[in-house]
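**Q** Handing over protein.cif, mmCIF, C-alpha atoms.
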```cif
data_run
loop_
_atom_site.label_atom_id
_atom_site.label_comp_id
_atom_site.auth_asym_id
_atom_site.auth_seq_id
_atom_site.Cartn_x
_atom_site.Cartn_y
_atom_site.Cartn_z
CA MET M 18 0.00 0.00 0.00
CA ALA M 19 1.38 3.40 -0.94
CA ILE M 20 1.22 6.45 1.29
CA SER M 21 -0.83 9.47 0.25
CA ARG M 22 0.63 11.89 -2.27
CA GLU M 23 0.36 14.67 0.32
CA ASN M 24 2.41 12.71 2.88
CA LEU M 25 4.95 11.72 0.23
CA GLU M 26 5.48 15.34 -0.80
CA ARG M 27 5.85 16.33 2.88
CA HIS M 28 8.53 13.63 3.26
CA VAL M 29 10.34 14.82 0.12
CA ARG M 30 10.31 18.46 1.34
CA ARG M 31 11.76 17.32 4.68
CA PHE M 32 14.35 15.30 2.75
CA ALA M 33 15.43 18.37 0.74
CA GLU M 34 15.59 20.59 3.86
CA THR M 35 17.63 18.04 5.83
CA CYS M 36 20.03 17.53 2.92
CA ALA M 37 20.54 21.29 2.63
CA GLN M 38 21.20 21.61 6.38
CA ALA M 39 23.70 18.73 6.24
CA GLY M 40 25.47 20.16 3.20
CA LEU M 41 24.36 17.27 0.95
CA LYS M 42 23.44 17.94 -2.64
CA VAL M 43 19.82 17.17 -3.49
CA THR M 44 20.55 15.09 -6.57
CA HIS M 45 17.99 13.38 -8.79
CA GLN M 46 19.35 9.96 -7.79
CA ARG M 47 19.21 10.69 -4.04
CA THR M 48 15.71 12.08 -4.38
CA GLU M 49 14.47 9.03 -6.30
CA ILE M 50 16.04 6.62 -3.80
CA PHE M 51 14.45 8.48 -0.90
CA ARG M 52 11.13 8.76 -2.75
CA GLU M 53 11.08 4.99 -3.33
CA VAL M 54 11.41 4.21 0.36
CA ALA M 55 9.06 7.00 1.45
CA SER M 56 6.33 6.10 -1.05
CA SER M 57 5.80 2.62 0.32
CA ASP M 58 4.77 1.17 3.64
CA GLU M 59 6.39 -2.19 2.92
CA HIS M 60 9.89 -1.32 4.17
CA PRO M 61 11.92 -2.30 1.09
CA ASP M 62 15.44 -3.68 1.34
CA ALA M 63 18.32 -2.17 -0.66
CA GLU M 64 17.93 -4.60 -3.56
CA MET M 65 14.22 -3.83 -3.88
CA VAL M 66 15.01 -0.10 -3.89
CA TYR M 67 17.69 -0.61 -6.55
CA GLN M 68 15.39 -2.66 -8.82
CA ARG M 69 12.55 -0.14 -8.58
CA VAL M 70 14.62 3.04 -8.92
CA ARG M 71 16.52 1.53 -11.86
CA ARG M 72 13.25 1.56 -13.85
CA ARG M 73 13.12 5.37 -13.55
CA VAL M 74 16.84 6.18 -13.40
CA THR M 75 18.36 3.72 -15.86
CA GLY M 76 22.01 4.61 -15.25
CA ILE M 77 21.92 4.17 -11.47
CA SER M 78 24.29 1.62 -9.97
CA ARG M 79 23.69 -0.78 -7.11
CA ASP M 80 26.63 0.83 -5.29
CA THR M 81 25.01 4.27 -5.54
CA VAL M 82 21.78 2.93 -4.03
CA TYR M 83 23.58 1.19 -1.14
CA ARG M 84 25.79 4.22 -0.39
CA THR M 85 22.85 6.60 -0.60
CA LEU M 86 20.74 4.50 1.75
CA ALA M 87 23.62 4.49 4.26
CA THR M 88 23.99 8.28 3.93
CA LEU M 89 20.27 8.90 4.34
CA GLU M 90 20.22 6.67 7.41
CA ARG M 91 23.20 8.50 8.90
CA GLU M 92 21.42 11.85 8.35
CA GLY M 93 18.26 10.55 10.06
CA LEU M 94 16.11 10.56 6.92
CA LEU M 95 15.66 6.78 6.94
CA ARG M 96 15.82 4.13 9.61
CA LYS M 97 16.86 0.55 9.28
CA ALA M 98 14.10 -1.81 10.25
CA GLY M 99 15.77 -5.15 10.73
CA ILE M 100 14.26 -8.59 10.53
CA LEU M 101 16.24 -11.36 12.13
CA GLY M 102 17.92 -13.47 9.48
CA GLY M 103 16.99 -11.15 6.63
CA PRO M 104 18.37 -8.13 4.84
CA SER M 105 18.04 -4.69 6.41
CA ARG M 106 14.86 -2.96 5.40
CA TYR M 107 14.38 0.80 5.25
CA ASP M 108 11.67 2.95 6.78
CA ALA M 109 11.01 6.64 6.08
CA ASN M 110 8.15 7.00 8.57
CA GLU M 111 9.43 9.52 11.12
CA GLU M 112 6.31 9.33 13.31
CA PRO M 113 6.48 7.17 16.46
CA HIS M 114 5.41 3.66 15.45
CA HIS M 115 6.12 -0.03 15.86
CA HIS M 116 6.31 -3.00 13.48
CA PHE M 117 4.34 -6.19 12.96
CA VAL M 118 6.49 -8.77 11.14
CA CYS M 119 5.07 -11.89 9.55
CA LYS M 120 7.33 -14.82 10.35
CA VAL M 121 6.12 -16.67 7.23
CA CYS M 122 6.49 -14.13 4.39
CA GLY M 123 8.53 -11.39 6.10
CA ARG M 124 5.91 -8.68 5.44
CA MET M 125 6.47 -5.75 7.79
CA LYS M 126 3.72 -3.29 8.63
CA ASP M 127 3.70 -0.15 10.78
CA PHE M 128 1.26 0.29 13.63
CA CYS M 129 0.80 2.93 16.31
CA SER M 130 0.25 2.30 20.00
CA GLU M 131 0.40 4.94 22.71
CA ALA M 132 0.69 2.16 25.29
CA LEU M 133 3.85 0.83 23.63
CA ASP M 134 5.19 4.36 23.10
CA ASP M 135 4.98 4.88 26.86
CA LEU M 136 6.80 1.70 27.88
CA PRO M 137 9.50 2.63 30.39
CA ILE M 138 13.09 1.93 29.38
CA PRO M 139 14.63 -0.38 32.01
CA ALA M 140 17.54 0.99 34.03
CA VAL M 141 19.75 -1.85 32.80
CA VAL M 142 19.24 -0.63 29.22
CA LYS M 143 19.91 2.99 30.19
CA ALA M 144 23.15 1.84 31.84
CA MET M 145 24.27 0.43 28.48
CA GLY M 146 24.27 3.87 26.88
CA ARG M 147 22.11 6.76 25.75
CA VAL M 148 18.77 5.56 24.39
CA GLU M 149 17.73 7.62 21.37
CA SER M 150 14.64 5.72 20.30
CA ALA M 151 12.75 2.53 20.97
CA GLN M 152 10.43 0.50 18.79
CA VAL M 153 8.57 -2.69 19.51
CA GLN M 154 8.59 -5.47 16.94
CA VAL M 155 5.63 -7.84 17.15
CA ARG M 156 6.10 -11.13 15.31
CA GLY M 157 3.31 -13.39 14.12
CA ILE M 158 1.51 -14.55 11.00
CA CYS M 159 -0.12 -11.91 8.80
CA GLY M 160 -3.71 -12.23 7.61
CA VAL M 161 -2.69 -13.20 4.06
CA CYS M 162 -0.45 -16.06 5.25
CA ALA M 163 -3.03 -17.17 7.85
CA ARG M 164 -5.73 -17.41 5.15
CA LYS M 165 -3.37 -19.36 2.86
CA ARG M 166 -2.55 -21.71 5.73
CA GLU M 167 -6.25 -22.18 6.58
CA LYS M 168 -7.05 -22.89 2.92
CA LYS M 169 -4.20 -25.41 2.71
CA ASP M 170 -5.32 -27.12 5.93
CA SER M 171 -8.95 -27.16 4.73
CA THR M 172 -7.94 -28.73 1.41
CA ALA M 173 -5.85 -31.37 3.18
CA ILE M 174 -8.78 -32.34 5.43
CA GLN M 175 -11.34 -32.42 2.61
CA GLY M 176 -9.10 -34.39 0.29
CA PRO M 177 -8.88 -33.98 -3.49
CA ARG M 178 -11.81 -32.73 -5.56
CA ASP M 179 -12.99 -34.09 -8.89
CA ARG M 180 -13.51 -31.96 -12.02
CA LYS M 181 -16.96 -30.87 -10.84
CA GLY M 182 -15.49 -29.60 -7.54
CA LYS M 183 -16.98 -32.44 -5.53
CA SER M 184 -14.88 -33.52 -2.57
CA HIS M 185 -14.21 -37.22 -2.15
CA GLY M 186 -13.03 -36.69 1.42
CA ARG M 187 -10.66 -38.95 3.21
CA GLN M 188 -11.49 -42.59 3.21
CA LYS M 189 -11.78 -44.11 6.65
CA GLU M 190 -9.40 -47.01 6.98
CA SER M 191 -10.84 -50.28 8.33
#
```
Kindly return the structure encoded in the file as structure tokens.
**A**
Amino acid sequence: MAISRENLERHVRRFAETCAQAGLKVTHQRTEIFREVASSDEHPDAEMVYQRVRRRVTGISRDTVYRTLATLEREGLLRKAGILGGPSRYDANEEPHHHFVCKVCGRMKDFCSEALDDLPIPAVVKAMGRVESAQVQVRGICGVCARKREKKDSTAIQGPRDRKGKSHGRQKES
């Protein structure tokens, strides 16, 4: 699902202002890389960003995309949203939020929760260093994967169907 055009343009204006303050040129390539991450709520990884931006900016290199993502993260324009065992994903949503991650397909979705925003940071964590932000990652099975799993389980229980769609069910063994 894409974000609204109004929100995307707000993100791009913030991008241009932050680049100017940091002394970074607002190049077409940087803008398109940022726009790709900011226009989606699916948290693309670097390879996804490269493949999509390459359609619009044909001469862009993989190296440029990776370096630009690292620069934009360093400048606070993007955040890495990691999934254990997978590539780093990028998030341009600067509003306080958390992530739901599907452990089947890897889909990552943002959600807001004031209760989670207000979780106290334990003293043991504060003793480790200065906490700059905190996000909760909830792991489970997304609705799409749950429906696929239910359909698969239902088909396995009903058994194969003939050409007319009639189920022959499982034969009871004697």
**Q** For the point (10.0, 5.9, 6.7) in the file's frame, write as number ranges by chain all residues with an atom no more than 9 Å away, counting only C-alpha atoms.
**A** M: 28, 54-58, 60, 94-96, 107-112
**Q** Taking the file as shown, what set of residues would the PyMOL selection byres ((chain M and resi 134) around 10) give back, as a list in words?
**A**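 That selection, the PyMOL selection byres ((chain M and resi 134) around 10), comes back as Pro113, His114, His115, Cys129, Ser130, Glu131, Ala132, Leu133, Asp135, Leu136, Pro137, Ser150, Ala151, Gln152 and Val153 of chain M.
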**Q** How many Å lie between CA of Ile158 in chain M and CA of Arg124 in chain M, rounded to one decimal?
**A** 9.2 Å
**Q** Using CA of Arg30 in chain M and CA of Phe128 in chain M as the two end points, give the distance in Å to one decimal.
**A** 23.7 Å
**Q** Between CA of Val66 in chain M and CA of Phe32 in chain M, what is the spacing in Å?
**A**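 One can read the CA of Phe32 in chain M to CA of Val66 in chain M distance as 16.8 Å.
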**Q** So, counting only C-alpha atoms, which residue among M:Ala87, M:Arg27, M:Val141, M:Pro61 is closest to Met125 in chain M?
**A**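 Ranking M:Ala87, M:Arg27, M:Val141, M:Pro61 by distance to Met125 in chain M, first place goes to M:Pro61.
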**Q** So which residues get picked by the PyMOL selection byres ((chain M and resi 161) around 12) here, written as a list in words?
**A**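 After applying the PyMOL selection byres ((chain M and resi 161) around 12), what remains is Cys119, Lys120, Val121, Cys122, Gly123, Arg124, Gly157, Ile158, Cys159, Gly160, Cys162, Ala163, Arg164, Lys165, Arg166, Glu167 and Lys168 of chain M.
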**Q** Give me, as a PyMOL selection string, all polymer residues having an atom no more than 12 Å from Leu41 in chain M, counting only C-alpha atoms and skipping those fewer than 5 positions away in the same chain.
**A** chain M and resi 32-36+47-48+85+88-89+91-92
**Q** Calculated over only C-alpha atoms, which of the candidates M:Glu149, M:Arg156, M:Phe51, M:Glu26 has the smallest distance to Leu86 in chain M?
**A**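 Distance minimum relative to Leu86 in chain M lands on M:Phe51.
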